[in-house]
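Visitor: This is query_23.pdb (PDB, C-alpha atoms and all ligand atoms).
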MODEL        1
ATOM      1  CA  MET W   1      62.861-164.198  -9.776
ATOM      2  CA  GLU W   2      64.736-164.245 -13.069
ATOM      3  CA  LEU W   3      63.192-162.268 -15.921
ATOM      4  CA  ASP W   4      63.932-163.464 -19.433
ATOM      5  CA  ILE W   5      65.215-160.299 -21.070
ATOM      6  CA  LYS W   6      66.422-160.941 -24.598
ATOM      7  CA  LEU W   7      69.226-159.122 -26.346
ATOM      8  CA  PRO W   8      68.828-157.891 -29.934
ATOM      9  CA  HIS W   9      69.434-160.783 -32.342
ATOM     10  CA  HIS W  10      72.570-159.158 -33.812
ATOM     11  CA  THR W  11      74.338-158.886 -30.433
ATOM     12  CA  PRO W  12      77.801-160.477 -30.634
ATOM     13  CA  ASP W  13      78.295-163.776 -28.763
ATOM     14  CA  THR W  14      80.974-162.334 -26.486
ATOM     15  CA  VAL W  15      78.524-159.679 -25.282
ATOM     16  CA  LYS W  16      75.733-162.248 -24.872
ATOM     17  CA  GLN W  17      77.903-164.465 -22.656
ATOM     18  CA  LYS W  18      78.773-161.584 -20.376
ATOM     19  CA  TYR W  19      75.182-160.340 -20.388
ATOM     20  CA  HIS W  20      73.773-163.661 -19.210
ATOM     21  CA  ARG W  21      76.004-163.555 -16.155
ATOM     22  CA  LEU W  22      74.428-160.246 -15.049
ATOM     23  CA  SER W  23      71.647-159.814 -12.471
ATOM     24  CA  THR W  24      68.123-159.007 -13.658
ATOM     25  CA  ALA W  25      68.503-155.360 -12.676
ATOM     26  CA  ARG W  26      71.767-155.057 -14.562
ATOM     27  CA  ARG W  27      70.196-156.781 -17.585
ATOM     28  CA  LEU W  28      67.392-154.221 -17.630
ATOM     29  CA  GLN W  29      69.917-151.384 -17.396
ATOM     30  CA  ARG W  30      72.027-152.883 -20.164
ATOM     31  CA  LEU W  31      68.981-153.501 -22.374
ATOM     32  CA  ALA W  32      67.992-149.848 -22.026
ATOM     33  CA  LEU W  33      71.427-148.883 -23.297
ATOM     34  CA  TYR W  34      71.201-151.267 -26.242
ATOM     35  CA  SER W  35      67.755-149.997 -27.162
ATOM     36  CA  LEU W  36      68.869-146.373 -27.139
ATOM     37  CA  LEU W  37      71.976-147.044 -29.175
ATOM     38  CA  ALA W  38      69.974-149.126 -31.626
ATOM     39  CA  LEU W  39      67.609-146.161 -31.969
ATOM     40  CA  LEU W  40      70.531-143.853 -32.732
ATOM     41  CA  ALA W  41      71.914-146.348 -35.214
ATOM     42  CA  ALA W  42      68.582-146.535 -36.994
ATOM     43  CA  CYS W  43      68.592-142.821 -37.828
ATOM     44  CA  ASP W  44      68.305-141.894 -41.470
ATOM     45  CA  ASN W  45      71.626-141.994 -43.356
ATOM     46  CA  SER W  46      70.679-138.850 -45.241
ATOM     47  CA  ILE W  47      71.551-136.671 -42.252
ATOM     48  CA  ILE W  48      75.005-138.169 -41.792
ATOM     49  CA  THR W  49      76.865-136.085 -44.348
ATOM     50  CA  PRO W  50      76.976-132.358 -43.642
ATOM     51  CA  PRO W  51      76.868-129.929 -46.545
ATOM     52  CA  PRO W  52      80.192-128.386 -47.605
ATOM     53  CA  GLU W  53      81.200-125.240 -45.766
ATOM     54  CA  PRO W  54      80.159-122.267 -47.925
ATOM     55  CA  ASP W  55      83.343-120.345 -47.177
ATOM     56  CA  GLN W  56      85.645-123.210 -48.186
ATOM     57  CA  PRO W  57      85.580-123.845 -51.932
ATOM     58  CA  PRO W  58      85.843-127.598 -52.553
ATOM     59  CA  GLU W  59      88.352-126.981 -55.361
ATOM     60  CA  ALA W  60      90.931-125.556 -52.941
ATOM     61  CA  ASN W  61      93.857-127.943 -53.031
ATOM     62  CA  THR W  62      95.363-127.227 -49.626
ATOM     63  CA  ILE W  63      93.735-127.801 -46.251
ATOM     64  CA  LYS W  64      95.036-126.850 -42.841
ATOM     65  CA  PHE W  65      93.486-128.000 -39.600
ATOM     66  CA  VAL W  66      94.161-128.624 -35.940
ATOM     67  CA  ALA W  67      93.260-131.754 -33.978
ATOM     68  CA  LEU W  68      92.775-131.794 -30.216
ATOM     69  CA  GLY W  69      90.847-133.843 -27.724
ATOM     70  CA  ASP W  70      89.802-134.264 -24.102
ATOM     71  CA  THR W  71      89.149-130.566 -23.874
ATOM     72  CA  GLY W  72      85.887-130.032 -22.022
ATOM     73  CA  THR W  73      86.954-128.705 -18.654
ATOM     74  CA  GLY W  74      86.564-124.930 -18.908
ATOM     75  CA  SER W  75      89.910-124.779 -17.094
ATOM     76  CA  GLU W  76      92.871-122.451 -17.496
ATOM     77  CA  ASN W  77      94.613-125.283 -19.314
ATOM     78  CA  GLN W  78      91.876-125.416 -21.941
ATOM     79  CA  TYR W  79      92.142-121.647 -22.474
ATOM     80  CA  ALA W  80      95.941-121.876 -22.662
ATOM     81  CA  VAL W  81      95.830-124.492 -25.438
ATOM     82  CA  ALA W  82      93.157-122.430 -27.197
ATOM     83  CA  ASN W  83      95.503-119.420 -27.098
ATOM     84  CA  ALA W  84      98.335-121.491 -28.585
ATOM     85  CA  ILE W  85      95.988-122.633 -31.366
ATOM     86  CA  GLN W  86      95.015-119.013 -32.015
ATOM     87  CA  GLN W  87      98.686-118.029 -32.352
ATOM     88  CA  THR W  88      99.386-120.913 -34.713
ATOM     89  CA  CYS W  89      96.331-120.258 -36.836
ATOM     90  CA  GLU W  90      97.158-116.574 -37.169
ATOM     91  CA  THR W  91     100.602-117.382 -38.575
ATOM     92  CA  GLN W  92     100.006-120.648 -40.431
ATOM     93  CA  GLY W  93      96.273-120.673 -41.169
ATOM     94  CA  CYS W  94      93.548-123.071 -40.052
ATOM     95  CA  ASP W  95      90.455-124.042 -42.030
ATOM     96  CA  PHE W  96      88.834-126.081 -39.281
ATOM     97  CA  ALA W  97      89.418-128.191 -36.172
ATOM     98  CA  LEU W  98      88.804-131.827 -35.324
ATOM     99  CA  LEU W  99      87.555-132.154 -31.729
ATOM    100  CA  LEU W 100      88.412-135.677 -30.620
ATOM    101  CA  GLY W 101      85.901-136.365 -27.833
ATOM    102  CA  ASP W 102      85.414-135.907 -24.101
ATOM    103  CA  ASN W 103      84.085-132.530 -25.168
ATOM    104  CA  ILE W 104      82.214-131.860 -21.920
ATOM    105  CA  TYR W 105      83.607-133.318 -18.681
ATOM    106  CA  ASP W 106      82.595-135.131 -16.576
ATOM    107  CA  ILE W 107      79.257-136.488 -17.742
ATOM    108  CA  GLY W 108      78.295-134.635 -20.928
ATOM    109  CA  VAL W 109      75.294-132.298 -21.170
ATOM    110  CA  ASP W 110      71.603-132.485 -20.272
ATOM    111  CA  GLY W 111      70.349-130.582 -23.327
ATOM    112  CA  ILE W 112      71.339-128.119 -26.040
ATOM    113  CA  ASP W 113      70.884-125.237 -23.607
ATOM    114  CA  ASP W 114      73.197-126.754 -20.978
ATOM    115  CA  PRO W 115      75.501-123.880 -19.907
ATOM    116  CA  GLN W 116      78.521-126.192 -20.085
ATOM    117  CA  LEU W 117      78.388-125.914 -23.878
ATOM    118  CA  GLN W 118      79.189-122.247 -23.387
ATOM    119  CA  SER W 119      81.713-122.539 -20.549
ATOM    120  CA  LYS W 120      83.582-125.602 -21.883
ATOM    121  CA  PHE W 121      83.408-124.992 -25.655
ATOM    122  CA  GLU W 122      82.120-121.648 -26.940
ATOM    123  CA  ALA W 123      83.946-119.412 -24.449
ATOM    124  CA  PRO W 124      87.372-121.107 -24.540
ATOM    125  CA  TYR W 125      87.335-121.158 -28.369
ATOM    126  CA  ARG W 126      85.641-117.797 -28.935
ATOM    127  CA  ASN W 127      88.683-116.441 -30.796
ATOM    128  CA  LEU W 128      88.925-119.440 -33.142
ATOM    129  CA  ASN W 129      86.721-118.538 -36.062
ATOM    130  CA  PHE W 130      86.420-121.793 -37.959
ATOM    131  CA  PRO W 131      84.217-124.904 -37.756
ATOM    132  CA  PHE W 132      84.920-127.678 -35.250
ATOM    133  CA  TYR W 133      84.097-131.176 -36.487
ATOM    134  CA  VAL W 134      83.255-133.069 -33.318
ATOM    135  CA  VAL W 135      83.168-136.725 -32.224
ATOM    136  CA  LEU W 136      81.871-138.124 -28.951
ATOM    137  CA  GLY W 137      84.022-139.503 -26.134
ATOM    138  CA  ASN W 138      83.079-141.742 -23.241
ATOM    139  CA  HIS W 139      82.531-138.778 -20.902
ATOM    140  CA  ASP W 140      80.053-137.270 -23.378
ATOM    141  CA  TYR W 141      77.816-140.304 -22.799
ATOM    142  CA  GLY W 142      77.433-139.846 -19.036
ATOM    143  CA  THR W 143      79.124-141.293 -15.998
ATOM    144  CA  ALA W 144      80.022-144.688 -17.414
ATOM    145  CA  GLY W 145      79.592-143.847 -21.080
ATOM    146  CA  LEU W 146      76.151-145.480 -21.137
ATOM    147  CA  VAL W 147      73.580-142.697 -21.615
ATOM    148  CA  ALA W 148      72.784-142.480 -25.317
ATOM    149  CA  GLU W 149      70.562-139.405 -25.117
ATOM    150  CA  LYS W 150      73.452-137.368 -23.726
ATOM    151  CA  GLY W 151      75.412-138.072 -26.910
ATOM    152  CA  GLN W 152      72.370-137.083 -28.953
ATOM    153  CA  HIS W 153      72.193-133.681 -27.206
ATOM    154  CA  GLN W 154      75.682-132.903 -28.514
ATOM    155  CA  VAL W 155      74.623-133.980 -32.016
ATOM    156  CA  THR W 156      71.581-131.690 -31.835
ATOM    157  CA  TYR W 157      73.706-128.799 -30.576
ATOM    158  CA  SER W 158      75.030-128.551 -34.163
ATOM    159  CA  ASP W 159      71.685-126.965 -35.065
ATOM    160  CA  ILE W 160      72.286-123.861 -32.962
ATOM    161  CA  SER W 161      76.069-123.401 -32.684
ATOM    162  CA  ASP W 162      77.992-121.324 -35.200
ATOM    163  CA  LYS W 163      81.048-123.566 -35.070
ATOM    164  CA  TRP W 164      80.079-126.980 -33.610
ATOM    165  CA  ARG W 165      79.578-129.568 -36.402
ATOM    166  CA  MET W 166      78.278-133.075 -35.659
ATOM    167  CA  PRO W 167      75.331-134.026 -37.899
ATOM    168  CA  HIS W 168      75.176-137.583 -36.511
ATOM    169  CA  HIS W 169      77.081-139.635 -33.945
ATOM    170  CA  TYR W 170      79.208-140.816 -36.872
ATOM    171  CA  TYR W 171      79.477-139.015 -40.210
ATOM    172  CA  GLN W 172      81.711-138.124 -43.126
ATOM    173  CA  PHE W 173      82.746-134.953 -44.914
ATOM    174  CA  THR W 174      85.194-133.954 -47.615
ATOM    175  CA  ARG W 175      87.532-130.995 -47.778
ATOM    176  CA  ALA W 176      89.635-130.437 -50.909
ATOM    177  CA  ASN W 177      91.303-133.784 -51.718
ATOM    178  CA  THR W 178      90.689-135.357 -48.306
ATOM    179  CA  ALA W 179      87.769-137.407 -47.033
ATOM    180  CA  PHE W 180      87.186-137.410 -43.273
ATOM    181  CA  PHE W 181      85.370-140.179 -41.394
ATOM    182  CA  ALA W 182      84.152-139.199 -37.912
ATOM    183  CA  LEU W 183      83.606-142.262 -35.721
ATOM    184  CA  ASP W 184      81.636-143.026 -32.565
ATOM    185  CA  THR W 185      84.195-145.205 -30.781
ATOM    186  CA  ASN W 186      82.040-145.318 -27.647
ATOM    187  CA  ALA W 187      79.458-147.345 -29.574
ATOM    188  CA  GLN W 188      82.324-149.516 -30.855
ATOM    189  CA  PHE W 189      83.583-149.960 -27.288
ATOM    190  CA  TRP W 190      80.175-151.233 -26.135
ATOM    191  CA  GLU W 191      79.839-153.364 -29.287
ATOM    192  CA  VAL W 192      76.256-152.270 -29.864
ATOM    193  CA  ASP W 193      76.184-150.607 -33.263
ATOM    194  CA  GLU W 194      76.797-152.958 -36.167
ATOM    195  CA  LYS W 195      75.297-150.440 -38.568
ATOM    196  CA  GLN W 196      78.140-147.991 -37.996
ATOM    197  CA  GLU W 197      80.624-150.634 -39.096
ATOM    198  CA  GLN W 198      78.708-151.413 -42.273
ATOM    199  CA  VAL W 199      78.035-147.785 -43.181
ATOM    200  CA  VAL W 200      81.549-146.482 -42.509
ATOM    201  CA  ALA W 201      83.154-149.450 -44.288
ATOM    202  CA  ASP W 202      81.061-148.601 -47.355
ATOM    203  CA  TRP W 203      82.047-144.931 -47.160
ATOM    204  CA  ILE W 204      85.746-145.707 -46.950
ATOM    205  CA  ASN W 205      85.685-148.417 -49.591
ATOM    206  CA  GLN W 206      83.729-146.263 -52.014
ATOM    207  CA  SER W 207      85.641-143.027 -51.438
ATOM    208  CA  THR W 208      87.810-141.885 -54.323
ATOM    209  CA  ALA W 209      89.471-139.104 -52.316
ATOM    210  CA  PRO W 210      93.287-139.222 -52.542
ATOM    211  CA  TRP W 211      93.584-138.796 -48.762
ATOM    212  CA  LYS W 212      91.390-140.522 -46.206
ATOM    213  CA  ILE W 213      91.481-139.587 -42.522
ATOM    214  CA  ALA W 214      89.478-141.351 -39.808
ATOM    215  CA  PHE W 215      89.070-139.816 -36.368
ATOM    216  CA  GLY W 216      87.477-140.971 -33.124
ATOM    217  CA  HIS W 217      87.955-140.730 -29.389
ATOM    218  CA  HIS W 218      89.476-144.080 -28.395
ATOM    219  CA  PRO W 219      92.992-144.886 -29.643
ATOM    220  CA  TYR W 220      94.023-148.002 -31.524
ATOM    221  CA  ARG W 221      97.464-147.823 -29.960
ATOM    222  CA  SER W 222      98.613-145.512 -27.176
ATOM    223  CA  ASN W 223     101.382-145.233 -24.629
ATOM    224  CA  GLY W 224      99.082-143.480 -22.157
ATOM    225  CA  PRO W 225      97.364-145.139 -19.165
ATOM    226  CA  HIS W 226      94.429-146.394 -21.291
ATOM    227  CA  GLY W 227      96.832-148.139 -23.664
ATOM    228  CA  ASN W 228      96.200-150.245 -26.749
ATOM    229  CA  ALA W 229      92.713-151.268 -27.962
ATOM    230  CA  GLY W 230      92.082-154.890 -26.981
ATOM    231  CA  LYS W 231      94.199-154.349 -23.890
ATOM    232  CA  TYR W 232      92.845-151.088 -22.445
ATOM    233  CA  GLU W 233      93.828-150.525 -18.813
ATOM    234  CA  GLY W 234      96.234-153.458 -19.223
ATOM    235  CA  ILE W 235      93.322-155.934 -19.259
ATOM    236  CA  SER W 236      92.666-158.417 -22.074
ATOM    237  CA  GLY W 237      89.540-160.335 -22.971
ATOM    238  CA  ILE W 238      86.822-158.433 -21.083
ATOM    239  CA  PRO W 239      84.452-156.826 -23.621
ATOM    240  CA  TYR W 240      83.493-153.710 -21.681
ATOM    241  CA  ILE W 241      86.979-152.915 -20.448
ATOM    242  CA  SER W 242      89.551-154.183 -22.932
ATOM    243  CA  GLY W 243      88.258-152.334 -25.971
ATOM    244  CA  ASP W 244      87.956-155.381 -28.219
ATOM    245  CA  GLY W 245      85.164-153.628 -30.102
ATOM    246  CA  VAL W 246      87.365-150.626 -30.892
ATOM    247  CA  LYS W 247      90.181-152.951 -32.021
ATOM    248  CA  ASP W 248      87.885-155.064 -34.189
ATOM    249  CA  PHE W 249      86.253-152.014 -35.781
ATOM    250  CA  ALA W 250      89.663-150.579 -36.647
ATOM    251  CA  GLU W 251      90.928-153.802 -38.169
ATOM    252  CA  ASN W 252      87.688-154.483 -40.029
ATOM    253  CA  VAL W 253      87.017-150.975 -41.310
ATOM    254  CA  TRP W 254      89.892-148.493 -41.554
ATOM    255  CA  CYS W 255      93.273-150.151 -40.939
ATOM    256  CA  GLY W 256      95.176-150.162 -44.204
ATOM    257  CA  LYS W 257      92.466-148.078 -45.893
ATOM    258  CA  ALA W 258      92.729-144.703 -44.182
ATOM    259  CA  ASP W 259      96.023-142.815 -44.399
ATOM    260  CA  LEU W 260      95.738-141.573 -40.820
ATOM    261  CA  TYR W 261      93.700-142.225 -37.665
ATOM    262  CA  LEU W 262      93.531-139.450 -35.067
ATOM    263  CA  SER W 263      92.284-140.108 -31.539
ATOM    264  CA  GLY W 264      92.333-138.778 -27.981
ATOM    265  CA  HIS W 265      91.295-140.460 -24.655
ATOM    266  CA  ASP W 266      94.856-140.537 -23.348
ATOM    267  CA  HIS W 267      95.948-137.011 -22.408
ATOM    268  CA  SER W 268      99.174-136.764 -24.325
ATOM    269  CA  ARG W 269     100.436-136.273 -27.855
ATOM    270  CA  GLN W 270     101.903-139.226 -29.728
ATOM    271  CA  TRP W 271     102.817-140.262 -33.258
ATOM    272  CA  LEU W 272     103.095-144.041 -32.987
ATOM    273  CA  GLU W 273     105.743-145.670 -35.095
ATOM    274  CA  PRO W 274     103.933-148.946 -35.892
ATOM    275  CA  THR W 275     101.070-148.261 -38.287
ATOM    276  CA  CYS W 276      97.858-150.266 -38.423
ATOM    277  CA  GLN W 277      98.458-152.078 -41.719
ATOM    278  CA  GLY W 278      99.802-148.839 -43.153
ATOM    279  CA  THR W 279      97.443-146.382 -41.418
ATOM    280  CA  GLN W 280      99.418-143.783 -39.440
ATOM    281  CA  LEU W 281      98.335-143.408 -35.800
ATOM    282  CA  ILE W 282      98.309-140.090 -33.928
ATOM    283  CA  VAL W 283      96.994-139.460 -30.399
ATOM    284  CA  SER W 284      96.153-135.830 -29.564
ATOM    285  CA  GLY W 285      94.293-135.814 -26.245
ATOM    286  CA  ALA W 286      96.143-133.053 -24.403
ATOM    287  CA  GLY W 287      93.725-130.182 -25.045
ATOM    288  CA  ALA W 288      93.179-129.500 -21.338
ATOM    289  CA  LYS W 289      94.717-132.290 -19.231
ATOM    290  CA  THR W 290      97.854-134.401 -19.180
ATOM    291  CA  THR W 291      98.599-137.980 -18.148
ATOM    292  CA  ASP W 292     101.758-140.048 -18.120
ATOM    293  CA  LEU W 293     103.288-141.978 -20.969
ATOM    294  CA  LYS W 294     104.116-145.435 -19.733
ATOM    295  CA  GLY W 295     103.478-147.780 -22.667
ATOM    296  CA  ASP W 296     106.185-149.311 -24.812
ATOM    297  CA  ASN W 297     104.901-148.780 -28.340
ATOM    298  CA  ALA W 298     107.666-147.294 -30.481
ATOM    299  CA  VAL W 299     107.016-143.662 -31.377
ATOM    300  CA  LEU W 300     108.227-141.029 -33.786
ATOM    301  CA  PHE W 301     107.354-138.478 -31.085
ATOM    302  CA  GLN W 302     105.547-138.323 -27.773
ATOM    303  CA  ALA W 303     105.002-135.720 -25.058
ATOM    304  CA  ASP W 304     102.966-135.799 -21.849
ATOM    305  CA  THR W 305     102.379-132.054 -21.934
ATOM    306  CA  LEU W 306      99.507-129.850 -23.113
ATOM    307  CA  GLY W 307      99.191-129.118 -26.815
ATOM    308  CA  PHE W 308      97.681-130.057 -30.155
ATOM    309  CA  VAL W 309      98.523-131.147 -33.695
ATOM    310  CA  HIS W 310      98.429-128.900 -36.789
ATOM    311  CA  ILE W 311      98.155-130.694 -40.128
ATOM    312  CA  THR W 312      98.570-129.365 -43.659
ATOM    313  CA  ILE W 313      97.675-131.461 -46.708
ATOM    314  CA  THR W 314      98.793-130.245 -50.123
ATOM    315  CA  GLY W 315      98.650-132.516 -53.139
ATOM    316  CA  GLY W 316     100.400-135.749 -52.196
ATOM    317  CA  GLN W 317     101.966-134.393 -49.022
ATOM    318  CA  LEU W 318     100.676-134.463 -45.438
ATOM    319  CA  ASN W 319     102.680-132.487 -42.903
ATOM    320  CA  ALA W 320     101.962-132.679 -39.176
ATOM    321  CA  GLN W 321     103.340-130.406 -36.482
ATOM    322  CA  PHE W 322     103.120-131.242 -32.791
ATOM    323  CA  ILE W 323     102.755-127.923 -30.978
ATOM    324  CA  ASN W 324     102.884-127.244 -27.239
ATOM    325  CA  VAL W 325     100.926-124.837 -25.067
ATOM    326  CA  ASN W 326     103.439-122.054 -25.746
ATOM    327  CA  GLY W 327     102.864-122.351 -29.470
ATOM    328  CA  ASP W 328     106.278-123.975 -30.045
ATOM    329  CA  VAL W 329     106.586-126.596 -32.774
ATOM    330  CA  GLU W 330     108.184-129.575 -31.008
ATOM    331  CA  PHE W 331     108.094-132.146 -33.805
ATOM    332  CA  THR W 332     107.329-132.193 -37.511
ATOM    333  CA  HIS W 333     106.815-135.180 -39.765
ATOM    334  CA  THR W 334     105.748-135.497 -43.397
ATOM    335  CA  VAL W 335     104.009-138.365 -45.169
ATOM    336  CA  ASN W 336     104.132-138.467 -48.962
ATOM    337  CA  LYS W 337     102.019-140.527 -51.310
ATOM    338  CA  PRO W 338     101.905-140.722 -55.097
ATOM    339  CA  LEU W 339      98.654-139.326 -56.458
TER     340      LEU W 339
HETATM  341 ZN    ZN W 401      88.006-140.611 -22.881
ENDMDL
END
Kindly transcribe the structure held in the file into structure tokens.
Ligand SMILES: [Zn+2]
Guide:
Amino acid sequence: MELDIKLPHHTPDTVKQKYHRLSTARRLQRLALYSLLALLAACDNSIITPPPEPDQPPEANTIKFVALGDTGTGSENQYAVANAIQQTCETQGCDFALLLGDNIYDIGVDGIDDPQLQSKFEAPYRNLNFPFYVVLGNHDYGTAGLVAEKGQHQVTYSDISDKWRMPHHYYQFTRANTAFFALDTNAQFWEVDEKQEQVVADWINQSTAPWKIAFGHHPYRSNGPHGNAGKYEGISGIPYISGDGVKDFAENVWCGKADLYLSGHDHSRQWLEPTCQGTQLIVSGAGAKTTDLKGDNAVLFQADTLGFVHITITGGQLNAQFINVNGDVEFTHTVNKPL
């Protein structure tokens, strides 16, 4: 028997075509996912922007932060990178961190009291006394990245953690002269959340901040095994594998409008040489694991070893340092813009 299970009216045609080839059971499973993500997307916009940090005056004209991803293992590697960050922050200063997704391997958490939030976040970073602005990765949404309520648990965890900040599954905040746009690339990957595209496009287009930085889990370009959006895993044209949704979101929303896009997902550190219409592309997904670099995108720097990125923005200058697990600065690059 074939049940007639309808997709939401705004579902893209490419998704509809694939959906109608699925069995009834798979359609039901997929519809449950769409319904949950639609519910998340319908949440009130007023909770999306967190209040400014009380200890960071908005008039300060320099910000310093670290960016790292793919951290949530609780392993020695995670602690080792945390120690290198501590060293760097003690000498150079850090106002906050961007945590770039896959925060809790392998399948996210079951609630805000899940002990993994302690063993894979709070304990490894216990000596880092600044806020972490967090985005969700595919592993944070369950086995196949499909369980919306698991992502919501990590959002809600912001209510009880001293350092975890994620007021919504996508959000914005401003520090000094820089606006940050935190993206849910998993929802982009599954092509289920048109509202995110509309809302974030409005934020970016309306922002008057001199610097604009977008960050999310999935890369636009990467030399790691996952590769470039639209051709993830070396496969083109299959909506739930190739990452067409991530590619389209980037090109529709932030390419050419943000100064920089930071991502993880591949477990390496890269500064890609081609920009996305002028937006610089950095991958920093080596916070606990490493994978090979086998792509052929040109790079300013790449390393398949553990580490993180430290960024300083002062006036019209953005300086990024790629730092390894020993705390050594391996590469430095500066971007200047007239203000
Ligand atoms: Zn990932």
Visitor: Using all atoms listed in the file, which of W:Ile160, W:His168, W:Arg175, W:Tyr240 sits nearest Val192 in chain W?
Guide: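 Comparing W:Ile160, W:His168, W:Arg175, W:Tyr240 against Val192 in chain W, the winner is W:Tyr240.
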Visitor: Dump as a tab-separated table the rows for residues of range 68-160 of chain W within 12 Å of range 250-266 of chain W: closest atom pair and distance in Å with one decimal, only C-alpha atoms counted, ordered by chain and rising residue number.
Guide:
residue	atom	partner	partner_atom	distance
W:Leu68	CA	W:Gly264	CA	7.3
W:Gly69	CA	W:Gly264	CA	5.2
W:Asp70	CA	W:His265	CA	6.4
W:Thr71	CA	W:Gly264	CA	9.7
W:Leu98	CA	W:Leu262	CA	9.0
W:Leu99	CA	W:Gly264	CA	9.0
W:Leu100	CA	W:Gly264	CA	5.7
W:Gly101	CA	W:Gly264	CA	6.9
W:Asp102	CA	W:His265	CA	7.5
W:Asn103	CA	W:Gly264	CA	10.7
W:Val134	CA	W:Ser263	CA	11.6
W:Val135	CA	W:Ser263	CA	9.7
W:Leu136	CA	W:Gly264	CA	10.5
W:Gly137	CA	W:His265	CA	7.5
W:Asn138	CA	W:His265	CA	8.4
W:His139	CA	W:His265	CA	9.7
W:Asp140	CA	W:His265	CA	11.8
Visitor: Taking the file as shown, find all residues satisfying the PyMOL selection byres (((chain W and resi 88) around 10) and not hetatm) and write them as a ChimeraX atom specification.
Guide: /W:66,82-87,89-94,310,323,326-329
Visitor: Using only C-alpha atoms, which protein or nucleic acid residues come within 12 Å of Ser119 in chain W? Drop anything in the same chain fewer than 5 positions from it, and give the result as JSON, numbers by chain.
Guide: {"W": [71, 72, 73, 74, 75, 76, 78, 79, 103, 104, 105, 109, 113, 114, 124, 125, 126]}
Visitor: Please measure the separation of CA of Ala201 in chain W and CA of Ser236 in chain W, giving the value in Å to one decimal.
Guide: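 A separation of 25.8 Å between them.
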Visitor: Measure the distance from CA of Val81 in chain W to CA of Pro167 in chain W in Å and round it to one decimal.
Guide: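 Those two atoms sit 25.8 Å apart.
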Visitor: Have a look at CA of Ile313 in chain W and CA of Thr178 in chain W and let me know their distance in Å, one decimal.
Guide: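 Spanning CA of Ile313 in chain W to CA of Thr178 in chain W is a straight-line distance of 8.2 Å.
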Visitor: Ile204 in chain W: which residues within 10 Å, counting all atoms listed in the file, same-chain residues fewer than 3 positions away excluded, as a list in words?
Guide: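 The contact residues come out as Gln172, Ala179, Phe180, Phe181, Val199, Val200, Ala201, Ser207, Thr208, Ala209, Lys212, Ile213, Ala214, Val253, Trp254, Lys257 and Ala258 of chain W.
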Visitor: With a distance cut-off of 12 Å and all atoms listed in the file, select the neighbouring residues of Leu339 in chain W, excluding the residue or stretch itself and same-chain residues fewer than 4 positions from it, and output the selection as a PyMOL selection string.
Guide: chain W and resi 177+208-211+314-317
Visitor: Please return the centre and edge lengths, in Å to one decimal, of a box with edges along x, y and z that contains all listed atoms of range 253-271 of chain W, widened by 8 Å on every side, as lines of an AutoDock Vina configuration file.
Guide:
center_x = 94.9
center_y = -143.6
center_z = -34.2
size_x = 31.8
size_y = 30.7
size_z = 39.5
Visitor: Which residues would end up in the selection if the PyMOL selection byres (((chain W and resi 196) around 9) and not hetatm) were applied here, given that I need the answer as a VMD selection string?
Guide: chain W and resid 41 170 183 to 184 187 to 188 193 to 195 197 to 201
Visitor: Name the residues that the PyMOL selection byres (((chain W and resi 132) around 8) and not hetatm) pulls out of this structure, and write them as a ChimeraX atom specification.
Guide: /W:96-99,130-131,133-134,163-165
Visitor: Take the residues just selected and output them with C-alpha atoms as an mmCIF file, in the coordinates of the input.
Guide:
data_model
loop_
_atom_site.group_PDB
_atom_site.id
_atom_site.type_symbol
_atom_site.label_atom_id
_atom_site.label_comp_id
_atom_site.auth_asym_id
_atom_site.auth_seq_id
_atom_site.Cartn_x
_atom_site.Cartn_y
_atom_site.Cartn_z
ATOM 1 C CA PHE W 96 88.834 -126.081 -39.281
ATOM 2 C CA ALA W 97 89.418 -128.191 -36.172
ATOM 3 C CA LEU W 98 88.804 -131.827 -35.324
ATOM 4 C CA LEU W 99 87.555 -132.154 -31.729
ATOM 5 C CA PHE W 130 86.420 -121.793 -37.959
ATOM 6 C CA PRO W 131 84.217 -124.904 -37.756
ATOM 7 C CA TYR W 133 84.097 -131.176 -36.487
ATOM 8 C CA VAL W 134 83.255 -133.069 -33.318
ATOM 9 C CA LYS W 163 81.048 -123.566 -35.070
ATOM 10 C CA TRP W 164 80.079 -126.980 -33.610
ATOM 11 C CA ARG W 165 79.578 -129.568 -36.402
#
Visitor: From the options W:Glu191, W:Asp248, W:Glu273, W:Glu149, which residue's atoms come nearest to Ser222 in chain W, counting only C-alpha atoms?
Guide: W:Glu273
Visitor: Using all atoms listed in the file, which residue out of W:Leu272, W:Val335, W:Val147, W:Ala286 lies closest to ligand ZN 401 (chain W)?
Guide: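 Result for the nearest residue to ligand ZN 401 (chain W): W:Ala286.
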